[in-house]
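A.B. asks: Take a look at input_2.pdb, PDB, C-alpha atoms and all ligand atoms:
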MODEL        1
ATOM      1  CA  MET A  21     155.602  67.368  82.643
ATOM      2  CA  LEU A  22     153.527  68.318  79.588
ATOM      3  CA  ASP A  23     153.163  72.063  79.026
ATOM      4  CA  ILE A  24     149.636  73.432  78.792
ATOM      5  CA  VAL A  25     149.098  75.958  75.995
ATOM      6  CA  THR A  26     147.028  79.058  76.655
ATOM      7  CA  LEU A  27     144.552  81.249  74.818
ATOM      8  CA  GLY A  28     146.057  82.795  71.696
ATOM      9  CA  ASP A  29     147.804  79.587  70.634
ATOM     10  CA  GLU A  30     146.237  78.548  67.316
ATOM     11  CA  VAL A  31     146.329  74.854  68.251
ATOM     12  CA  LEU A  32     143.376  75.507  70.580
ATOM     13  CA  ARG A  33     141.299  76.495  67.531
ATOM     14  CA  GLU A  34     142.019  73.503  65.305
ATOM     15  CA  GLN A  35     140.098  70.294  64.704
ATOM     16  CA  VAL A  36     141.640  67.069  65.992
ATOM     17  CA  ASP A  37     142.235  63.832  64.102
ATOM     18  CA  GLU A  38     140.726  60.513  65.164
ATOM     19  CA  ILE A  39     143.098  58.111  66.889
ATOM     20  CA  THR A  40     143.240  54.992  64.732
ATOM     21  CA  ASP A  41     145.611  52.917  66.865
ATOM     22  CA  VAL A  42     145.239  52.921  70.651
ATOM     23  CA  ASN A  43     148.756  51.749  71.461
ATOM     24  CA  GLY A  44     151.165  52.051  74.389
ATOM     25  CA  GLU A  45     152.178  55.515  73.276
ATOM     26  CA  ILE A  46     148.589  56.711  73.568
ATOM     27  CA  ALA A  47     148.247  55.055  76.983
ATOM     28  CA  ASP A  48     151.440  56.846  78.122
ATOM     29  CA  LEU A  49     150.146  60.125  76.746
ATOM     30  CA  ALA A  50     146.911  59.659  78.694
ATOM     31  CA  GLN A  51     148.914  59.116  81.903
ATOM     32  CA  ASN A  52     151.019  62.208  81.208
ATOM     33  CA  MET A  53     147.897  64.259  80.505
ATOM     34  CA  ILE A  54     146.383  63.102  83.814
ATOM     35  CA  SER A  55     149.573  64.211  85.600
ATOM     36  CA  ALA A  56     149.494  67.614  83.864
ATOM     37  CA  MET A  57     145.799  67.977  84.755
ATOM     38  CA  TYR A  58     146.518  67.265  88.453
ATOM     39  CA  HIS A  59     149.538  69.576  88.357
ATOM     40  CA  GLY A  60     147.346  72.376  87.015
ATOM     41  CA  ASP A  61     144.675  71.560  89.596
ATOM     42  CA  GLY A  62     142.126  70.989  86.822
ATOM     43  CA  VAL A  63     139.301  68.479  86.424
ATOM     44  CA  GLY A  64     139.755  67.901  82.680
ATOM     45  CA  LEU A  65     142.368  68.259  79.954
ATOM     46  CA  ALA A  66     142.071  67.750  76.195
ATOM     47  CA  ALA A  67     144.924  66.846  73.835
ATOM     48  CA  PRO A  68     144.945  70.212  71.972
ATOM     49  CA  GLN A  69     145.708  71.848  75.333
ATOM     50  CA  VAL A  70     149.053  70.066  75.318
ATOM     51  CA  GLY A  71     149.589  70.950  71.653
ATOM     52  CA  LEU A  72     148.392  67.643  70.160
ATOM     53  CA  LEU A  73     145.636  67.429  67.537
ATOM     54  CA  LYS A  74     144.384  64.048  68.721
ATOM     55  CA  SER A  75     140.841  63.114  69.637
ATOM     56  CA  MET A  76     141.267  62.434  73.335
ATOM     57  CA  PHE A  77     140.785  63.968  76.745
ATOM     58  CA  VAL A  78     141.162  63.003  80.378
ATOM     59  CA  CYS A  79     139.123  64.031  83.392
ATOM     60  CA  HIS A  80     138.803  63.425  87.104
ATOM     61  CA  VAL A  81     135.957  65.033  88.987
ATOM     62  CA  ASN A  82     135.450  64.860  92.733
ATOM     63  CA  GLY A  83     134.095  61.503  93.906
ATOM     64  CA  ASP A  84     134.910  59.809  90.600
ATOM     65  CA  GLN A  85     137.958  58.034  89.192
ATOM     66  CA  PRO A  86     140.363  59.396  86.545
ATOM     67  CA  ARG A  87     138.921  58.683  83.103
ATOM     68  CA  VAL A  88     140.356  58.617  79.594
ATOM     69  CA  PHE A  89     138.176  59.254  76.530
ATOM     70  CA  ILE A  90     139.560  58.457  73.083
ATOM     71  CA  ASN A  91     137.541  59.424  69.969
ATOM     72  CA  PRO A  92     134.604  60.525  72.153
ATOM     73  CA  GLN A  93     131.167  61.206  70.679
ATOM     74  CA  ILE A  94     128.138  62.602  72.467
ATOM     75  CA  ILE A  95     125.252  60.337  71.432
ATOM     76  CA  GLY A  96     122.558  61.781  73.655
ATOM     77  CA  THR A  97     121.787  64.913  75.653
ATOM     78  CA  SER A  98     119.043  65.841  78.109
ATOM     79  CA  GLN A  99     116.446  68.444  77.218
ATOM     80  CA  GLU A 100     117.128  70.072  80.539
ATOM     81  CA  LEU A 101     119.766  72.814  80.374
ATOM     82  CA  LEU A 102     121.787  74.094  83.320
ATOM     83  CA  PRO A 103     124.127  77.036  83.860
ATOM     84  CA  TYR A 104     127.426  76.289  85.562
ATOM     85  CA  GLU A 105     130.537  78.351  86.145
ATOM     86  CA  GLU A 106     133.332  76.980  83.954
ATOM     87  CA  GLY A 107     137.036  77.628  83.857
ATOM     88  CA  CYS A 108     139.818  76.233  81.686
ATOM     89  CA  LEU A 109     143.483  75.413  82.249
ATOM     90  CA  SER A 110     144.169  77.217  78.943
ATOM     91  CA  ILE A 111     142.513  80.433  80.192
ATOM     92  CA  PRO A 112     143.891  80.442  83.741
ATOM     93  CA  GLY A 113     142.068  82.370  86.418
ATOM     94  CA  MET A 114     139.009  83.162  84.283
ATOM     95  CA  TYR A 115     135.489  81.830  84.855
ATOM     96  CA  GLY A 116     132.107  82.244  83.227
ATOM     97  CA  ASP A 117     128.622  80.749  83.385
ATOM     98  CA  VAL A 118     127.921  78.405  80.477
ATOM     99  CA  ILE A 119     124.520  76.838  79.758
ATOM    100  CA  ARG A 120     124.645  73.210  78.621
ATOM    101  CA  PRO A 121     122.519  70.059  78.746
ATOM    102  CA  ALA A 122     122.377  68.711  82.309
ATOM    103  CA  THR A 123     123.231  65.125  81.307
ATOM    104  CA  VAL A 124     124.905  63.500  78.311
ATOM    105  CA  THR A 125     125.544  60.023  77.010
ATOM    106  CA  VAL A 126     129.040  59.680  75.604
ATOM    107  CA  GLN A 127     130.638  56.884  73.647
ATOM    108  CA  ALA A 128     134.426  56.515  73.480
ATOM    109  CA  VAL A 129     137.347  54.112  73.729
ATOM    110  CA  ASN A 130     139.534  53.867  76.826
ATOM    111  CA  GLU A 131     143.360  53.783  76.979
ATOM    112  CA  GLN A 132     143.269  49.986  76.607
ATOM    113  CA  GLY A 133     141.364  50.336  73.346
ATOM    114  CA  LYS A 134     138.118  49.127  74.902
ATOM    115  CA  PRO A 135     134.900  50.849  73.724
ATOM    116  CA  PHE A 136     132.543  52.107  76.416
ATOM    117  CA  LYS A 137     129.384  54.116  76.810
ATOM    118  CA  LEU A 138     128.775  56.405  79.777
ATOM    119  CA  ASP A 139     125.743  58.296  81.070
ATOM    120  CA  ALA A 140     127.230  61.369  82.686
ATOM    121  CA  GLU A 141     125.486  63.805  85.007
ATOM    122  CA  GLY A 142     126.502  66.651  87.293
ATOM    123  CA  LEU A 143     130.064  67.906  87.039
ATOM    124  CA  LEU A 144     131.130  64.917  84.925
ATOM    125  CA  ALA A 145     128.541  65.798  82.248
ATOM    126  CA  ARG A 146     129.806  69.351  82.317
ATOM    127  CA  VAL A 147     133.468  68.384  81.940
ATOM    128  CA  VAL A 148     132.748  65.879  79.158
ATOM    129  CA  GLN A 149     131.015  68.588  77.111
ATOM    130  CA  HIS A 150     133.699  71.200  77.813
ATOM    131  CA  GLU A 151     136.484  68.800  76.786
ATOM    132  CA  ILE A 152     134.708  67.563  73.651
ATOM    133  CA  ASP A 153     134.366  71.231  72.665
ATOM    134  CA  HIS A 154     138.170  71.472  72.857
ATOM    135  CA  LEU A 155     138.422  68.701  70.253
ATOM    136  CA  LYS A 156     136.458  70.940  67.864
ATOM    137  CA  GLY A 157     138.491  74.061  68.588
ATOM    138  CA  VAL A 158     135.736  75.502  70.787
ATOM    139  CA  LEU A 159     136.453  77.185  74.135
ATOM    140  CA  PHE A 160     134.017  77.931  76.963
ATOM    141  CA  ILE A 161     134.296  81.663  76.266
ATOM    142  CA  ASP A 162     132.669  81.031  72.865
ATOM    143  CA  HIS A 163     129.456  80.159  74.720
ATOM    144  CA  LEU A 164     129.304  83.476  76.604
ATOM    145  CA  ASP A 165     127.396  86.421  75.180
ATOM    146  CA  ASP A 166     129.509  89.081  73.434
ATOM    147  CA  LYS A 167     129.480  91.447  76.372
ATOM    148  CA  GLN A 168     130.542  88.795  78.894
ATOM    149  CA  ARG A 169     133.271  87.529  76.582
ATOM    150  CA  GLU A 170     134.684  91.004  75.926
ATOM    151  CA  ARG A 171     134.772  91.722  79.632
ATOM    152  CA  LEU A 172     136.504  88.439  80.379
ATOM    153  CA  LEU A 173     139.085  88.914  77.615
ATOM    154  CA  LYS A 174     139.845  92.428  78.792
ATOM    155  CA  VAL A 175     140.540  91.246  82.347
ATOM    156  CA  TYR A 176     142.529  88.291  81.030
ATOM    157  CA  SER A 177     144.804  90.343  78.772
ATOM    158  CA  LYS A 178     145.455  92.787  81.598
ATOM    159  CA  LYS A 179     146.364  89.886  83.858
ATOM    160  CA  MET A 180     148.649  88.356  81.231
ATOM    161  CA  ARG A 181     150.586  91.591  80.742
ATOM    162  CA  LYS A 182     151.606  91.616  84.422
TER     163      LYS A 182
HETATM  164 NI    NI A 201     139.226  73.790  78.910
ENDMDL
END
Please render this file's structure as structure tokens.
Ligand code: NI
C.D. replies:
Amino acid sequence: MLDIVTLGDEVLREQVDEITDVNGEIADLAQNMISAMYHGDGVGLAAPQVGLLKSMFVCHVNGDQPRVFINPQIIGTSQELLPYEEGCLSIPGMYGDVIRPATVTVQAVNEQGKPFKLDAEGLLARVVQHEIDHLKGVLFIDHLDDKQRERLLKVYSKKMRK
């Protein structure tokens, strides 16, 4: 089982590299990331969260199938913004309301190397944006206002010391 790194690990703050060859190793990694995501009871997991600076993430939201996104790019967003309470397997037990576009269009390659385009809405749109943030070293707490973030980090560090 892949280990999930948590807040404080520098790898969560780095930029990823594009994946130039979608081979069997990448397909295996995607499967292992899906397993780690299920194990952690999460709905999305990005490669930096398992210590790898590769441009890929996996997700599986309720009512959908597991999906793999390699070299994802958001190519369109709705004007409409929505708040939604987000959490992250790398900041366990912490949640905060993040405002993001309600729908996005994302372009990526799947684990077979096949390009695809997806119009995502609802929770899927949310997860896609959260995971693509991870590929840029951005965490959901970065979207909170200073006061909210300080409060969250205080509770988190207390929790981690136990
Ligand atoms: Ni996350």
A.B. asks: Expand the PyMOL selection byres (((not hetatm)) within 8 of (chain A and resi 201)) into the explicit residue set it covers here, and present it as a list in words.
C.D. replies: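 This file gives the following for the PyMOL selection byres (((not hetatm)) within 8 of (chain A and resi 201)): Gly64, Leu65, Ala66, Gln69, Gly107, Cys108, Leu109, Ser110, Ile111, His150, Glu151, His154, Leu159 and Phe160 of chain A.
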A.B. asks: Can you translate the PyMOL selection byres (((chain A and resi 86) around 12) and not hetatm) into the concrete residues it hits in this file, as a list in words?
C.D. replies: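 When the PyMOL selection byres (((chain A and resi 86) around 12) and not hetatm) is applied to the shown file, the picked residues are Ala50, Gln51, Met53, Ile54, Ser55, Met57, Tyr58, Gly62, Val63, Gly64, Leu65, Phe77, Val78, Cys79, His80, Val81, Asn82, Gly83, Asp84, Gln85, Arg87, Val88, Phe89, Asn130, Glu131 and Leu144 of chain A.
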A.B. asks: Between atom CA of A:Arg146 and atom CA of A:Ile46, what distance in Å does the model show, to one decimal?
C.D. replies: 24.3 Å
A.B. asks: Grab the atom CA of A:His163 to atom CA of A:Gly60 distance for me, in Å with one decimal place.
C.D. replies: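 Answer for the atom CA of A:His163 to atom CA of A:Gly60 separation: 23.1 Å.
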A.B. asks: Set the distance at 9 Å and use only C-alpha atoms: which residues neighbour A:Ile119 once local chain neighbours fewer than 5 positions away are removed? I'd like the list as a PyMOL selection string.
C.D. replies: chain A and resi 101-105+163-164
A.B. asks: For the residues in the current selection, export C-alpha atoms as a compact mmCIF listing (two decimals), keeping the file's coordinate frame.
C.D. replies:
# COMPACT_ATOMS: atom_id res chain seq x y z
CA LEU A 101 119.77 72.81 80.37
CA LEU A 102 121.79 74.09 83.32
CA PRO A 103 124.13 77.04 83.86
CA TYR A 104 127.43 76.29 85.56
CA GLU A 105 130.54 78.35 86.14
CA HIS A 163 129.46 80.16 74.72
CA LEU A 164 129.30 83.48 76.60
A.B. asks: Closest to A:Lys134 among A:Gln99, A:Gly116, A:Lys174, A:Ala47, using all atoms listed in the file?
C.D. replies: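 Nearest to A:Lys134: A:Ala47.
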A.B. asks: Please write as a list of chain:residue names the full residue list that the PyMOL selection byres (((chain A and resi 97) around 12) and not hetatm) yields on this file.
C.D. replies: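 Here the PyMOL selection byres (((chain A and resi 97) around 12) and not hetatm) matches A:Gln93, A:Ile94, A:Ile95, A:Gly96, A:Ser98, A:Gln99, A:Glu100, A:Leu101, A:Leu102, A:Arg120, A:Pro121, A:Ala122, A:Thr123, A:Val124, A:Thr125, A:Val126, A:Leu138, A:Asp139, A:Ala140, A:Glu141, A:Ala145, A:Arg146, A:Val148, A:Gln149.
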A.B. asks: Considering all atoms listed in the file, return as a list in words whatever protein or nucleic-acid residues lie within 8 Å of stretch 32-34 of chain A, sequence-local ones (same chain, fewer than 2 positions apart) excluded.
C.D. replies: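 Selected residues are Val25, Thr26, Leu27, Gly28, Asp29, Glu30, Val36, Pro68, Gln69, Gly71, Leu73, His154, Leu155, Lys156, Gly157, Val158 and Leu159 of chain A.
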